[in-house]
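So the structure is just underneath, and the comments pick up after that.
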Amino acid sequence: MKKRTVTSAILGIVSMTLFAFAPALNKLTSIKTHIKFFSTTTAENIEAHNYKSVSTIDPKTGDVVFSVPMQSFEFENALMQKHYNSPKFLDTKKFPKAKLIAKFTNLNEVNFEKDGTYSTHVKGTLELHGKTNSITEKATITVTGTTIKVNSKFKITLADYDVAFEKGKPSTNIAKTVEVTVEAEYKSEN
Amino acid sequence: MVMTKKRILKISLIVIGSALLIGGSVAYYMFNMPHRDVQKAKTDYTLKSSDIVNEYLSNADLANEKYLDSEGDSKIIEVTGTIYEISEDFINNKVLILKSVADKAGVSCTFSTETNSNTSKLKIGDEVTVKGVIRSGASFDSDLGMYEDVIMEKCDVVSNK
């Protein structure tokens with residue numbers, strides 16, 4: 001009886017120690033990212049791609065951050081790219097980065113250490129062109145071994161960020177609301 | 001010499017015709033203007049990775065004023081540094097991070113379809129000079145909780161010691 005108590009006590013201590021030292025998932029960092037802007041009007045479709053954003057996810061808190069270098073958006077048309085960067089539109093010299101600061105609100109439904117596809121809700125703020133607005137969007141987290149991918153697609157209204165096209169060609173050729181597609185790949189070390 | 005009606009008409013037509021042709025060509029050129037060829041363009045600044053990182057960390061506003069262009073045609077720089085990391089982006093372009101161990105941030109250089117193969121013999125620890133266009137500077141980002149690198153794109157290797 002006494003022996004059994006001692007054994008179970010030892011087992012208890014060992015398992016608690018193991019549990020305490022179980023490797024908690026560290027903060028995930030990604031420099032492999034892709035953000036796409038897509039605008040569609042009857043006049044034309046315009047898209048731009050950016051592969052230089054940096055993102056982090058804290059699996060413990062659900063915090064997700066994207067820092068987007070605005071001058072890295074590439075358009076097919078060089079003149080359009082100049083317009084996009086200029087002080088009249090996104091003013092990328094004055095506002096070189098856009099930033100998304102958000103949280104996965106249903107973190108309890110995501111297991112970063114188990115393969116699968118998880119539908120998540122993201123709530124936070126987006127700072128663009130010096131203006132900050134709150135956003136609530138959906139995202140998908142895909143876990144495959146040590147690779148974690150995040151995908152999301154949402155719409156932003158340019159006027160909310162003081163990006164307005166009042167007259168001229170851009171006002172008819174650029175949609176008032178543009179679609180933003182986000183993808184990022186993170187590696188967990190465990 | 002007396003200007004006949006016919007003569008006036010002829011001259012007017014030539015003038016209007018040339019104006020339309022020139023205007024049309026300029027508009028056509030503007031609309032189809034090619035992207036700047038970064039590798040063929042003149043280098044604006046030649047420096048070490050530590051220099052530009054520290055320039056940004058000490059005063060980002062001054063550095064942005066110096067390196068960034070308001071229409072996105074920012075400065076073309078040649079940066080020499082030690083390769084800290086080699087990876088690929090989503091469209092399989094090579095990404096070299098030049099960073100010295102003592103520095104808080106580095107320079108992240110993305111190559112292009114035309115230049116990716118020039119990185120094939122490079123390995124971590126090599127010293128290399130890379131030419132490209134700067135897109136943004138280095139800074140500590142408290143939301144990310146980390147230092148962000150200087151960003152360069154359309155890069156190619158200039159020399160490899």
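By order of appearance in the structure tokens: chains A, B, ..., then residues from 1 within every chain, and ligands from 1 in the order shown.
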Residues of chain A within 7 Å of chain B, counting only C-alpha atoms, as a count of residues only:
21
Nearby residues (only C-alpha atoms) at most 8 Å from A:Thr144, same-chain spacing under 5 positions excluded, as number ranges by chain:
A: 114-116
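Put simply, atom CA of A:Ile31 is 11.5 Å away from atom CA of A:Asn50.
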Going by DSSP on the backbone, which bits of stretch 28-155 of chain B are alpha helix (DSSP H)? Write them as a PyMOL selection string, please.
chain B and resi 28-31+49-58+60-67
Selection near A:Pro59, 8 Å with only C-alpha atoms, sequence-local residues under 2 positions removed, as a compact mmCIF listing (two decimals) with C-alpha atoms, in the first residue's frame:
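File part21.txt, as written:
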# COMPACT_ATOMS: atom_id res chain seq x y z
CA LEU A 25 4.65 26.81 -29.26
CA ASN A 26 6.78 29.89 -29.74
CA LYS A 27 5.83 33.01 -31.61
CA LEU A 28 5.61 32.32 -35.33
CA ILE A 57 1.35 35.04 -34.84
CA THR A 61 -2.63 34.81 -27.29
CA GLY A 62 -3.93 34.62 -30.86
CA ASP A 63 -2.32 37.94 -31.74
CA PHE A 112 -1.34 24.79 -34.19
From the DSSP assignment of the backbone, select every residue of stretch 44-166 of chain A that is strand (DSSP E or B), and format the answer as a VMD selection string.
chain A and resid 45 to 50 54 to 58 63 to 69 74 to 75 97 to 104 116 to 128 131 to 144 147 to 157
If you keep C-alpha atoms, can you produce a file of those selected residues as a PDB file, in the first residue's frame?
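Saved result, part_33.pdb, follows:
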ATOM      1  CA  ASN A  45      -9.510  45.197 -63.717  1.00  0.00           C
ATOM      2  CA  ILE A  46      -6.466  46.342 -61.770  1.00  0.00           C
ATOM      3  CA  GLU A  47      -4.324  44.197 -59.519  1.00  0.00           C
ATOM      4  CA  ALA A  48      -1.110  44.630 -57.584  1.00  0.00           C
ATOM      5  CA  HIS A  49       1.043  42.137 -55.713  1.00  0.00           C
ATOM      6  CA  ASN A  50       3.290  42.433 -52.674  1.00  0.00           C
ATOM      7  CA  VAL A  54       6.361  40.496 -42.400  1.00  0.00           C
ATOM      8  CA  SER A  55       3.897  38.747 -40.131  1.00  0.00           C
ATOM      9  CA  THR A  56       3.844  37.240 -36.662  1.00  0.00           C
ATOM     10  CA  ILE A  57       1.350  35.043 -34.841  1.00  0.00           C
ATOM     11  CA  ASP A  58       1.447  34.375 -31.127  1.00  0.00           C
ATOM     12  CA  ASP A  63      -2.325  37.940 -31.735  1.00  0.00           C
ATOM     13  CA  VAL A  64      -1.625  38.323 -35.439  1.00  0.00           C
ATOM     14  CA  VAL A  65       0.299  41.215 -36.993  1.00  0.00           C
ATOM     15  CA  PHE A  66       1.137  42.098 -40.610  1.00  0.00           C
ATOM     16  CA  SER A  67       3.518  44.899 -41.531  1.00  0.00           C
ATOM     17  CA  VAL A  68       3.225  45.788 -45.216  1.00  0.00           C
ATOM     18  CA  PRO A  69       5.863  47.841 -47.093  1.00  0.00           C
ATOM     19  CA  GLU A  74       3.890  45.876 -58.154  1.00  0.00           C
ATOM     20  CA  PHE A  75       1.403  46.758 -60.897  1.00  0.00           C
ATOM     21  CA  LYS A  97       3.998  50.854 -44.192  1.00  0.00           C
ATOM     22  CA  ALA A  98       0.476  49.627 -43.619  1.00  0.00           C
ATOM     23  CA  LYS A  99      -0.255  47.543 -40.561  1.00  0.00           C
ATOM     24  CA  LEU A 100      -2.812  45.006 -39.483  1.00  0.00           C
ATOM     25  CA  ILE A 101      -3.025  44.296 -35.743  1.00  0.00           C
ATOM     26  CA  ALA A 102      -5.605  41.665 -34.894  1.00  0.00           C
ATOM     27  CA  LYS A 103      -6.549  38.647 -32.833  1.00  0.00           C
ATOM     28  CA  PHE A 104      -7.958  35.244 -33.719  1.00  0.00           C
ATOM     29  CA  GLY A 116      -5.910  20.351 -40.214  1.00  0.00           C
ATOM     30  CA  THR A 117      -7.755  23.315 -41.658  1.00  0.00           C
ATOM     31  CA  TYR A 118      -9.263  25.701 -39.157  1.00  0.00           C
ATOM     32  CA  SER A 119     -11.792  28.454 -39.891  1.00  0.00           C
ATOM     33  CA  THR A 120     -11.102  31.466 -37.761  1.00  0.00           C
ATOM     34  CA  HIS A 121     -12.429  34.899 -37.022  1.00  0.00           C
ATOM     35  CA  VAL A 122     -10.066  37.851 -36.975  1.00  0.00           C
ATOM     36  CA  LYS A 123     -10.812  41.103 -35.226  1.00  0.00           C
ATOM     37  CA  GLY A 124      -8.570  44.124 -35.028  1.00  0.00           C
ATOM     38  CA  THR A 125      -7.446  47.268 -36.797  1.00  0.00           C
ATOM     39  CA  LEU A 126      -5.942  48.118 -40.150  1.00  0.00           C
ATOM     40  CA  GLU A 127      -3.760  51.186 -40.520  1.00  0.00           C
ATOM     41  CA  LEU A 128      -3.429  52.363 -44.101  1.00  0.00           C
ATOM     42  CA  LYS A 131      -5.839  56.173 -41.108  1.00  0.00           C
ATOM     43  CA  THR A 132      -6.873  53.359 -38.769  1.00  0.00           C
ATOM     44  CA  ASN A 133     -10.157  51.467 -38.981  1.00  0.00           C
ATOM     45  CA  SER A 134     -11.444  48.418 -37.189  1.00  0.00           C
ATOM     46  CA  ILE A 135     -11.905  45.249 -39.187  1.00  0.00           C
ATOM     47  CA  THR A 136     -13.608  41.911 -38.553  1.00  0.00           C
ATOM     48  CA  GLU A 137     -12.801  39.239 -41.099  1.00  0.00           C
ATOM     49  CA  LYS A 138     -12.558  35.514 -41.601  1.00  0.00           C
ATOM     50  CA  ALA A 139      -9.331  33.624 -42.130  1.00  0.00           C
ATOM     51  CA  THR A 140      -8.260  30.036 -42.618  1.00  0.00           C
ATOM     52  CA  ILE A 141      -5.338  28.473 -40.796  1.00  0.00           C
ATOM     53  CA  THR A 142      -3.886  25.315 -42.350  1.00  0.00           C
ATOM     54  CA  VAL A 143      -1.468  23.216 -40.322  1.00  0.00           C
ATOM     55  CA  THR A 144       0.665  20.642 -42.193  1.00  0.00           C
ATOM     56  CA  THR A 147       4.167  24.483 -41.761  1.00  0.00           C
ATOM     57  CA  ILE A 148       1.362  26.823 -40.806  1.00  0.00           C
ATOM     58  CA  LYS A 149      -0.450  28.791 -43.502  1.00  0.00           C
ATOM     59  CA  VAL A 150      -2.890  31.641 -43.100  1.00  0.00           C
ATOM     60  CA  ASN A 151      -5.240  32.717 -45.886  1.00  0.00           C
ATOM     61  CA  SER A 152      -7.781  35.483 -45.881  1.00  0.00           C
ATOM     62  CA  LYS A 153      -9.765  37.534 -48.338  1.00  0.00           C
ATOM     63  CA  PHE A 154     -11.638  40.696 -47.453  1.00  0.00           C
ATOM     64  CA  LYS A 155     -12.809  43.982 -48.869  1.00  0.00           C
ATOM     65  CA  ILE A 156     -11.777  47.478 -47.899  1.00  0.00           C
ATOM     66  CA  THR A 157     -13.482  50.726 -48.816  1.00  0.00           C
TER      67      THR A 157
END
Which residues are close to B:Val128, i.e. within 9 Å by only C-alpha atoms, leaving aside same-chain residues fewer than 5 positions away? Reply as a PyMOL selection string.
chain B and resi 79-83+98+122+157-161
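Atom CA of B:Asn118 to atom CA of B:Leu47 spans 20.7 Å [interatomic distance, one decimal].
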